[in-house]
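So this block is my_file.txt, compact mmCIF, N, CA, C and O atoms:
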# COMPACT_ATOMS: atom_id res chain seq x y z
N MET A 108 85.32 105.81 85.61
CA MET A 108 85.96 105.50 86.89
C MET A 108 87.05 104.47 86.67
O MET A 108 86.90 103.54 85.90
N THR A 109 88.13 104.65 87.34
CA THR A 109 89.25 103.72 87.32
C THR A 109 89.37 103.10 88.70
O THR A 109 89.10 103.74 89.71
N HIS A 110 89.75 101.85 88.75
CA HIS A 110 90.08 101.21 90.02
C HIS A 110 91.56 101.43 90.30
O HIS A 110 92.34 101.73 89.39
N PHE A 111 91.94 101.26 91.54
CA PHE A 111 93.34 101.42 91.93
C PHE A 111 93.76 100.25 92.81
O PHE A 111 93.05 99.88 93.75
N LEU A 112 94.91 99.68 92.48
CA LEU A 112 95.50 98.60 93.26
C LEU A 112 96.56 99.17 94.17
O LEU A 112 97.44 99.93 93.74
N LEU A 113 96.48 98.81 95.44
CA LEU A 113 97.55 99.09 96.38
C LEU A 113 98.33 97.79 96.49
O LEU A 113 97.79 96.77 96.91
N ARG A 114 99.58 97.84 96.05
CA ARG A 114 100.42 96.63 96.05
C ARG A 114 101.46 96.75 97.15
O ARG A 114 102.20 97.74 97.22
N TYR A 115 101.49 95.74 98.02
CA TYR A 115 102.44 95.68 99.12
C TYR A 115 103.52 94.64 98.82
O TYR A 115 103.21 93.52 98.41
N THR A 116 104.76 95.02 99.07
CA THR A 116 105.86 94.05 99.14
C THR A 116 106.09 93.79 100.62
O THR A 116 106.21 94.73 101.41
N LEU A 117 106.12 92.53 100.99
CA LEU A 117 106.16 92.16 102.40
C LEU A 117 107.56 91.79 102.87
O LEU A 117 108.36 91.23 102.11
N ALA A 118 107.83 92.08 104.13
CA ALA A 118 109.11 91.72 104.75
C ALA A 118 109.22 90.20 104.83
O ALA A 118 108.21 89.49 104.93
N PRO A 119 110.44 89.68 104.78
CA PRO A 119 110.63 88.22 104.85
C PRO A 119 110.02 87.59 106.09
O PRO A 119 109.57 86.45 106.06
N ASP A 120 109.96 88.33 107.20
CA ASP A 120 109.41 87.79 108.45
C ASP A 120 107.96 88.24 108.68
O ASP A 120 107.46 88.21 109.81
N TYR A 121 107.27 88.60 107.62
CA TYR A 121 105.89 89.09 107.70
C TYR A 121 104.99 88.14 108.49
O TYR A 121 104.29 88.56 109.40
N LEU A 122 104.99 86.86 108.13
CA LEU A 122 104.08 85.91 108.79
C LEU A 122 104.37 85.77 110.28
O LEU A 122 103.45 85.61 111.08
N GLU A 123 105.62 85.86 110.66
CA GLU A 123 105.99 85.73 112.06
C GLU A 123 105.57 86.96 112.88
O GLU A 123 105.28 86.85 114.07
N ARG A 124 105.52 88.13 112.25
CA ARG A 124 105.28 89.38 112.97
C ARG A 124 103.86 89.92 112.84
O ARG A 124 103.48 90.81 113.59
N ARG A 125 103.07 89.41 111.93
CA ARG A 125 101.79 90.06 111.66
C ARG A 125 100.75 89.89 112.78
O ARG A 125 99.86 90.73 112.92
N ALA A 126 100.82 88.83 113.57
CA ALA A 126 99.79 88.55 114.57
C ALA A 126 99.55 89.74 115.51
O ALA A 126 98.40 90.07 115.81
N GLN A 127 100.61 90.38 115.94
CA GLN A 127 100.47 91.48 116.89
C GLN A 127 99.84 92.74 116.29
O GLN A 127 99.36 93.60 117.01
N LEU A 128 99.81 92.84 114.96
CA LEU A 128 99.27 94.01 114.28
C LEU A 128 98.02 93.72 113.48
O LEU A 128 97.38 94.64 112.96
N ARG A 129 97.66 92.48 113.37
CA ARG A 129 96.60 92.07 112.44
C ARG A 129 95.24 92.68 112.76
O ARG A 129 94.53 93.13 111.86
N ASP A 130 94.85 92.73 114.02
CA ASP A 130 93.55 93.30 114.37
C ASP A 130 93.46 94.77 113.97
O ASP A 130 92.43 95.22 113.44
N ARG A 131 94.52 95.54 114.20
CA ARG A 131 94.53 96.96 113.82
C ARG A 131 94.47 97.11 112.30
O ARG A 131 93.76 97.97 111.78
N HIS A 132 95.22 96.28 111.59
CA HIS A 132 95.22 96.30 110.12
C HIS A 132 93.83 95.96 109.59
O HIS A 132 93.30 96.66 108.71
N LEU A 133 93.23 94.90 110.12
CA LEU A 133 91.91 94.48 109.64
C LEU A 133 90.82 95.50 109.99
O LEU A 133 89.89 95.71 109.21
N ALA A 134 90.93 96.15 111.13
CA ALA A 134 89.97 97.19 111.50
C ALA A 134 90.03 98.34 110.49
O ALA A 134 88.99 98.86 110.06
N LEU A 135 91.23 98.71 110.10
CA LEU A 135 91.41 99.76 109.10
C LEU A 135 90.82 99.33 107.76
O LEU A 135 90.12 100.10 107.09
N ALA A 136 91.08 98.08 107.38
CA ALA A 136 90.58 97.57 106.11
C ALA A 136 89.05 97.51 106.10
O ALA A 136 88.41 97.94 105.13
N TRP A 137 88.46 96.99 107.15
CA TRP A 137 86.99 96.89 107.19
C TRP A 137 86.34 98.27 107.26
O TRP A 137 85.26 98.48 106.68
N ALA A 138 86.97 99.22 107.92
CA ALA A 138 86.43 100.58 107.93
C ALA A 138 86.44 101.17 106.52
O ALA A 138 85.45 101.79 106.10
N ALA A 139 87.52 100.95 105.78
CA ALA A 139 87.59 101.44 104.39
C ALA A 139 86.56 100.74 103.52
O ALA A 139 85.94 101.35 102.65
N ALA A 140 86.34 99.45 103.76
CA ALA A 140 85.32 98.70 103.01
C ALA A 140 83.93 99.22 103.34
O ALA A 140 83.09 99.41 102.44
N ASP A 141 83.66 99.46 104.62
CA ASP A 141 82.35 99.95 105.04
C ASP A 141 82.07 101.34 104.46
O ASP A 141 80.91 101.70 104.23
N GLN A 142 83.12 102.12 104.21
CA GLN A 142 82.97 103.45 103.61
C GLN A 142 82.85 103.38 102.08
O GLN A 142 82.68 104.40 101.43
N GLY A 143 82.99 102.18 101.52
CA GLY A 143 82.88 102.01 100.09
C GLY A 143 84.14 102.33 99.32
O GLY A 143 84.13 102.42 98.09
N ARG A 144 85.26 102.48 100.01
CA ARG A 144 86.53 102.82 99.36
C ARG A 144 87.36 101.58 99.00
O ARG A 144 88.02 101.55 97.98
N LEU A 145 87.35 100.59 99.87
CA LEU A 145 88.07 99.34 99.63
C LEU A 145 87.08 98.31 99.10
O LEU A 145 86.05 98.05 99.73
N ILE A 146 87.39 97.73 97.94
CA ILE A 146 86.51 96.74 97.33
C ILE A 146 86.91 95.34 97.78
O ILE A 146 86.08 94.56 98.23
N LEU A 147 88.18 95.02 97.68
CA LEU A 147 88.72 93.72 98.08
C LEU A 147 90.15 93.91 98.54
O LEU A 147 90.84 94.82 98.09
N GLY A 148 90.62 93.01 99.39
CA GLY A 148 92.01 93.04 99.80
C GLY A 148 92.42 91.69 100.34
O GLY A 148 91.58 90.94 100.85
N GLY A 149 93.71 91.38 100.20
CA GLY A 149 94.20 90.13 100.76
C GLY A 149 95.61 89.81 100.33
O GLY A 149 96.21 90.50 99.51
N ALA A 150 96.12 88.75 100.93
CA ALA A 150 97.48 88.27 100.66
C ALA A 150 97.53 87.51 99.34
O ALA A 150 96.54 86.94 98.91
N VAL A 151 98.70 87.52 98.73
CA VAL A 151 98.92 86.84 97.46
C VAL A 151 100.02 85.79 97.64
O VAL A 151 101.08 86.08 98.19
N GLY A 152 99.75 84.57 97.16
CA GLY A 152 100.75 83.52 97.18
C GLY A 152 100.59 82.57 98.34
O GLY A 152 99.94 82.86 99.34
N ASP A 153 101.19 81.43 98.17
CA ASP A 153 101.22 80.41 99.21
C ASP A 153 102.58 79.72 99.13
O ASP A 153 102.74 78.85 98.28
N PRO A 154 103.55 80.14 99.90
CA PRO A 154 103.44 81.07 101.04
C PRO A 154 103.23 82.52 100.57
O PRO A 154 103.52 82.87 99.43
N VAL A 155 102.76 83.33 101.49
CA VAL A 155 102.45 84.73 101.20
C VAL A 155 103.71 85.46 100.76
O VAL A 155 104.75 85.37 101.41
N GLU A 156 103.60 86.16 99.64
CA GLU A 156 104.74 86.92 99.13
C GLU A 156 104.45 88.40 98.94
O GLU A 156 105.36 89.21 98.88
N SER A 157 103.16 88.74 98.84
CA SER A 157 102.77 90.13 98.67
C SER A 157 101.31 90.26 99.06
O SER A 157 100.69 89.29 99.49
N ALA A 158 100.76 91.47 98.91
CA ALA A 158 99.35 91.69 99.17
C ALA A 158 98.83 92.70 98.16
O ALA A 158 99.57 93.57 97.69
N LEU A 159 97.55 92.57 97.83
CA LEU A 159 96.87 93.50 96.92
C LEU A 159 95.57 93.95 97.55
O LEU A 159 94.84 93.14 98.13
N LEU A 160 95.30 95.23 97.41
CA LEU A 160 94.05 95.80 97.89
C LEU A 160 93.48 96.64 96.76
O LEU A 160 94.20 97.44 96.15
N LEU A 161 92.21 96.46 96.45
CA LEU A 161 91.55 97.14 95.36
C LEU A 161 90.70 98.28 95.91
O LEU A 161 89.78 98.05 96.70
N PHE A 162 91.01 99.50 95.47
CA PHE A 162 90.33 100.70 95.94
C PHE A 162 89.58 101.40 94.82
O PHE A 162 89.89 101.23 93.64
N THR A 163 88.66 102.26 95.24
CA THR A 163 87.87 103.04 94.29
C THR A 163 88.58 104.32 93.86
O THR A 163 88.23 104.89 92.84
N ASP A 164 89.55 104.78 94.65
CA ASP A 164 90.30 105.98 94.24
C ASP A 164 91.71 105.95 94.81
O ASP A 164 91.98 105.30 95.81
N SER A 165 92.59 106.67 94.14
CA SER A 165 94.01 106.64 94.51
C SER A 165 94.26 107.29 95.86
O SER A 165 95.13 106.84 96.62
N ASP A 166 93.55 108.36 96.18
CA ASP A 166 93.74 109.02 97.47
C ASP A 166 93.40 108.09 98.63
O ASP A 166 94.10 108.07 99.64
N ALA A 167 92.33 107.32 98.48
CA ALA A 167 91.95 106.36 99.52
C ALA A 167 93.02 105.29 99.69
O ALA A 167 93.33 104.89 100.81
N ALA A 168 93.59 104.83 98.59
CA ALA A 168 94.65 103.81 98.65
C ALA A 168 95.88 104.36 99.36
O ALA A 168 96.45 103.70 100.23
N ARG A 169 96.28 105.58 99.02
CA ARG A 169 97.46 106.19 99.67
C ARG A 169 97.20 106.43 101.16
O ARG A 169 98.07 106.17 101.99
N ALA A 170 96.04 106.94 101.47
CA ALA A 170 95.70 107.20 102.88
C ALA A 170 95.70 105.90 103.68
O ALA A 170 96.16 105.87 104.83
N PHE A 171 95.20 104.83 103.07
CA PHE A 171 95.20 103.54 103.75
C PHE A 171 96.63 103.10 104.06
O PHE A 171 96.95 102.75 105.20
N ALA A 172 97.50 103.14 103.06
CA ALA A 172 98.88 102.70 103.26
C ALA A 172 99.57 103.54 104.33
O ALA A 172 100.30 103.02 105.19
N GLU A 173 99.35 104.84 104.30
CA GLU A 173 100.00 105.72 105.27
C GLU A 173 99.52 105.49 106.70
O GLU A 173 100.25 105.73 107.65
N ALA A 174 98.29 104.98 106.86
CA ALA A 174 97.74 104.72 108.19
C ALA A 174 97.90 103.27 108.64
O ALA A 174 97.70 102.96 109.81
N ASP A 175 98.29 102.39 107.73
CA ASP A 175 98.34 100.95 108.02
C ASP A 175 99.49 100.61 108.96
O ASP A 175 100.64 100.93 108.68
N PRO A 176 99.18 99.94 110.08
CA PRO A 176 100.25 99.55 110.99
C PRO A 176 101.25 98.58 110.36
O PRO A 176 102.41 98.55 110.77
N TYR A 177 100.84 97.81 109.38
CA TYR A 177 101.78 96.93 108.68
C TYR A 177 102.88 97.76 108.01
O TYR A 177 104.05 97.36 108.00
N VAL A 178 102.52 98.90 107.46
CA VAL A 178 103.51 99.80 106.84
C VAL A 178 104.35 100.46 107.93
O VAL A 178 105.57 100.45 107.88
N GLY A 179 103.68 101.03 108.91
CA GLY A 179 104.37 101.76 109.98
C GLY A 179 105.35 100.93 110.77
O GLY A 179 106.38 101.43 111.23
N GLU A 180 105.05 99.65 110.93
CA GLU A 180 105.90 98.76 111.73
C GLU A 180 106.87 97.93 110.86
O GLU A 180 107.54 97.05 111.38
N GLY A 181 106.91 98.21 109.57
CA GLY A 181 107.92 97.58 108.71
C GLY A 181 107.56 96.21 108.17
O GLY A 181 108.42 95.56 107.56
N LEU A 182 106.33 95.74 108.35
CA LEU A 182 105.94 94.47 107.74
C LEU A 182 105.80 94.61 106.23
O LEU A 182 105.97 93.65 105.49
N VAL A 183 105.49 95.82 105.79
CA VAL A 183 105.46 96.16 104.37
C VAL A 183 106.73 96.94 104.08
O VAL A 183 106.98 97.99 104.69
N THR A 184 107.55 96.43 103.19
CA THR A 184 108.82 97.08 102.87
C THR A 184 108.70 98.07 101.72
O THR A 184 109.56 98.94 101.56
N ARG A 185 107.64 97.94 100.93
CA ARG A 185 107.43 98.83 99.80
C ARG A 185 105.95 98.79 99.45
O ARG A 185 105.33 97.73 99.53
N TRP A 186 105.40 99.93 99.07
CA TRP A 186 104.02 99.96 98.59
C TRP A 186 103.92 100.93 97.43
O TRP A 186 104.71 101.86 97.31
N GLU A 187 102.94 100.64 96.57
CA GLU A 187 102.69 101.52 95.44
C GLU A 187 101.23 101.44 95.05
O GLU A 187 100.57 100.42 95.27
N VAL A 188 100.73 102.54 94.52
CA VAL A 188 99.36 102.62 94.05
C VAL A 188 99.39 102.63 92.52
O VAL A 188 100.08 103.45 91.92
N LEU A 189 98.65 101.68 91.94
CA LEU A 189 98.65 101.52 90.49
C LEU A 189 97.23 101.66 89.94
O LEU A 189 96.30 101.01 90.46
N PRO A 190 97.02 102.46 88.88
CA PRO A 190 95.70 102.48 88.26
C PRO A 190 95.45 101.15 87.57
O PRO A 190 96.36 100.57 86.97
N TRP A 191 94.24 100.66 87.68
CA TRP A 191 93.86 99.39 87.05
C TRP A 191 92.64 99.66 86.19
O TRP A 191 91.55 99.91 86.70
N ILE A 192 92.84 99.62 84.91
CA ILE A 192 91.76 99.90 83.97
C ILE A 192 91.00 98.60 83.74
O ILE A 192 91.37 97.78 82.91
N THR A 193 89.94 98.40 84.48
CA THR A 193 89.17 97.17 84.39
C THR A 193 88.20 97.26 83.21
O THR A 193 87.52 98.27 83.02
N VAL A 194 88.17 96.20 82.38
CA VAL A 194 87.38 96.22 81.15
C VAL A 194 86.37 95.08 81.02
O VAL A 194 85.51 95.13 80.16
N ALA A 195 86.47 94.06 81.83
CA ALA A 195 85.55 92.92 81.74
C ALA A 195 85.01 92.58 83.11
O ALA A 195 85.72 92.66 84.11
N GLY A 196 83.75 92.21 83.15
CA GLY A 196 83.10 91.84 84.40
C GLY A 196 82.04 92.84 84.78
O GLY A 196 82.03 93.99 84.31
N ALA A 197 81.15 92.40 85.65
CA ALA A 197 80.01 93.22 86.03
C ALA A 197 80.41 94.55 86.67
O ALA A 197 79.70 95.55 86.52
N ASP A 198 81.54 94.60 87.36
CA ASP A 198 81.97 95.81 88.04
C ASP A 198 83.10 96.54 87.33
O ASP A 198 83.76 97.39 87.92
N ALA A 199 83.33 96.21 86.06
CA ALA A 199 84.40 96.87 85.30
C ALA A 199 84.15 98.37 85.25
O ALA A 199 83.03 98.81 85.02
N ALA A 200 85.21 99.13 85.45
CA ALA A 200 85.08 100.59 85.43
C ALA A 200 84.90 101.09 84.00
O ALA A 200 84.23 102.11 83.79
N THR A 201 85.51 100.41 83.05
CA THR A 201 85.44 100.82 81.65
C THR A 201 85.10 99.58 80.82
O THR A 201 85.98 99.00 80.17
N PRO A 202 83.86 99.15 80.84
CA PRO A 202 83.49 97.91 80.14
C PRO A 202 83.77 98.00 78.63
O PRO A 202 83.45 99.01 78.01
N VAL A 203 84.39 96.98 78.09
CA VAL A 203 84.63 96.88 76.65
C VAL A 203 84.15 95.51 76.21
O VAL A 203 84.65 94.48 76.67
N ARG A 204 83.19 95.51 75.33
CA ARG A 204 82.63 94.27 74.82
C ARG A 204 83.32 93.87 73.52
O ARG A 204 83.86 94.73 72.80
N PRO A 205 83.31 92.60 73.17
CA PRO A 205 83.89 92.15 71.89
C PRO A 205 83.27 92.93 70.72
O PRO A 205 82.08 93.22 70.72
N GLY A 206 84.12 93.28 69.77
CA GLY A 206 83.66 94.00 68.59
C GLY A 206 83.47 95.49 68.78
O GLY A 206 83.07 96.18 67.86
N ALA A 207 83.80 95.98 69.98
CA ALA A 207 83.62 97.41 70.25
C ALA A 207 84.69 98.23 69.57
O ALA A 207 85.78 97.83 69.36
Reformat the file's structure so that it appears as C-alpha cells.
Amino acid sequence: MTHFLLRYTLAPDYLERRAQLRDRHLALAWAAADQGRLILGGAVGDPVESALLLFTDSDAARAFAEADPYVGEGLVTRWEVLPWITVAGADAATPVRPGA
C-alpha cells in the first residue's frame, strides 16, 4: 500500500476568506476520515502557506479536491496528488528496517 499526499497551494487571501467555507471543508474532511480514506490533514506554515492531506488512495484524494469548497471557491489555486512511499514508523506502507 502506498499513501498519497494531496498538496494545496493557497490563494494569498486564504486566511481572510476561509471562514465562510471552513465548516463545509471540515465536514468533507471529517467524513473522509470517518470512512478511513483521510488519515491526517492540515495547514502548513506560520503564516499558512499551503496545506497537506494524507490519504489512503489516489482516487479518494482526487475526489476530495474536486468536492472541496476551498478548491471550488478559489481559496486553493493549485492542487496535486503525490504518491508518498512511507518507509519508517508504525503505519509505514512499505516498512524498511536498517540492514534490509
Find the smallest box with edges along x, y and z containing every listed atom of segment 153-161 of chain A, then add 6 Å on each side and report centre and edge lengths in Å to one decimal, as lines of an AutoDock Vina configuration file.
center_x = 97.6
center_y = 88.6
center_z = 98.4
size_x = 27.6
size_y = 31.4
size_z = 18.1
| task | Do a neighbour search on Val155 of chain A at 8 Å with only N, CA, C and O atoms, toss out local chain neighbours closer than 2 positions, and write the hits as a ChimeraX atom specification. | result | /A:117-119,121-122,150-153,157-158
| note | As a check of understanding: the span from atom C of Ala195 of chain A to atom C of Ala170 of chain A is 26.7 Å
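Across A:Ala199, A:Ala168, A:Val183, A:Leu147, the tightest approach to Tyr115 of chain A is made by A:Val183 when counting only C-alpha atoms.
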| said: I need the residues in segment 143-205 of chain A that are helix (DSSP H, G or I) according to DSSP; give them as a PyMOL selection string. | reply: chain A and resi 165-174+176-179
Would you list the contacts of Leu161 of chain A as a CSV table (one decimal) with N, CA, C and O atoms, in the frame of the given file, taking every protein, DNA or RNA residue within 8 Å and counting all atoms listed in the file, but skipping same-chain residues closer than 2 positions in sequence?
chain,number,residue,atom,x,y,z
A,110,HIS,N,89.8,101.8,88.8
A,110,HIS,CA,90.1,101.2,90.0
A,110,HIS,C,91.6,101.4,90.3
A,110,HIS,O,92.3,101.7,89.4
A,111,PHE,N,91.9,101.3,91.5
A,111,PHE,CA,93.3,101.4,91.9
A,111,PHE,C,93.8,100.2,92.8
A,111,PHE,O,93.0,99.9,93.8
A,112,LEU,N,94.9,99.7,92.5
A,112,LEU,CA,95.5,98.6,93.3
A,112,LEU,C,96.6,99.2,94.2
A,112,LEU,O,97.4,99.9,93.7
A,113,LEU,N,96.5,98.8,95.4
A,113,LEU,CA,97.6,99.1,96.4
A,113,LEU,C,98.3,97.8,96.5
A,113,LEU,O,97.8,96.8,96.9
A,114,ARG,N,99.6,97.8,96.0
A,114,ARG,CA,100.4,96.6,96.0
A,114,ARG,C,101.5,96.8,97.2
A,114,ARG,O,102.2,97.7,97.2
A,139,ALA,N,87.5,101.0,105.8
A,139,ALA,CA,87.6,101.4,104.4
A,139,ALA,C,86.6,100.7,103.5
A,139,ALA,O,85.9,101.4,102.6
A,140,ALA,N,86.3,99.4,103.8
A,140,ALA,CA,85.3,98.7,103.0
A,140,ALA,C,83.9,99.2,103.3
A,140,ALA,O,83.1,99.4,102.4
A,143,GLY,N,83.0,102.2,101.5
A,143,GLY,CA,82.9,102.0,100.1
A,143,GLY,C,84.1,102.3,99.3
A,143,GLY,O,84.1,102.4,98.1
A,144,ARG,N,85.3,102.5,100.0
A,144,ARG,CA,86.5,102.8,99.4
A,144,ARG,C,87.4,101.6,99.0
A,144,ARG,O,88.0,101.6,98.0
A,145,LEU,N,87.4,100.6,99.9
A,145,LEU,CA,88.1,99.3,99.6
A,145,LEU,C,87.1,98.3,99.1
A,145,LEU,O,86.0,98.0,99.7
A,146,ILE,N,87.4,97.7,97.9
A,146,ILE,CA,86.5,96.7,97.3
A,146,ILE,C,86.9,95.3,97.8
A,146,ILE,O,86.1,94.6,98.2
A,147,LEU,N,88.2,95.0,97.7
A,147,LEU,CA,88.7,93.7,98.1
A,147,LEU,C,90.2,93.9,98.5
A,147,LEU,O,90.8,94.8,98.1
A,148,GLY,N,90.6,93.0,99.4
A,148,GLY,CA,92.0,93.0,99.8
A,148,GLY,C,92.4,91.7,100.3
A,148,GLY,O,91.6,90.9,100.8
A,149,GLY,N,93.7,91.4,100.2
A,149,GLY,CA,94.2,90.1,100.8
A,149,GLY,C,95.6,89.8,100.3
A,149,GLY,O,96.2,90.5,99.5
A,158,ALA,N,100.8,91.5,98.9
A,158,ALA,CA,99.4,91.7,99.2
A,158,ALA,C,98.8,92.7,98.2
A,158,ALA,O,99.6,93.6,97.7
A,159,LEU,N,97.6,92.6,97.8
A,159,LEU,CA,96.9,93.5,96.9
A,159,LEU,C,95.6,94.0,97.6
A,159,LEU,O,94.8,93.1,98.1
A,163,THR,N,88.7,102.3,95.2
A,163,THR,CA,87.9,103.0,94.3
A,163,THR,C,88.6,104.3,93.9
A,163,THR,O,88.2,104.9,92.8
A,164,ASP,N,89.6,104.8,94.6
A,164,ASP,CA,90.3,106.0,94.2
A,164,ASP,C,91.7,106.0,94.8
A,164,ASP,O,92.0,105.3,95.8
A,168,ALA,N,93.6,104.8,98.6
A,168,ALA,CA,94.6,103.8,98.6
A,168,ALA,C,95.9,104.4,99.4
A,168,ALA,O,96.4,103.7,100.2
A,189,LEU,N,98.6,101.7,91.9
A,189,LEU,CA,98.6,101.5,90.5
A,189,LEU,C,97.2,101.7,89.9
A,189,LEU,O,96.3,101.0,90.5
| query | Got a sec to tell me which of chain A DSSP assigns to strand (DSSP E), as a PyMOL selection string? | reply | chain A and resi 110-117+145-151+157-162+183-191
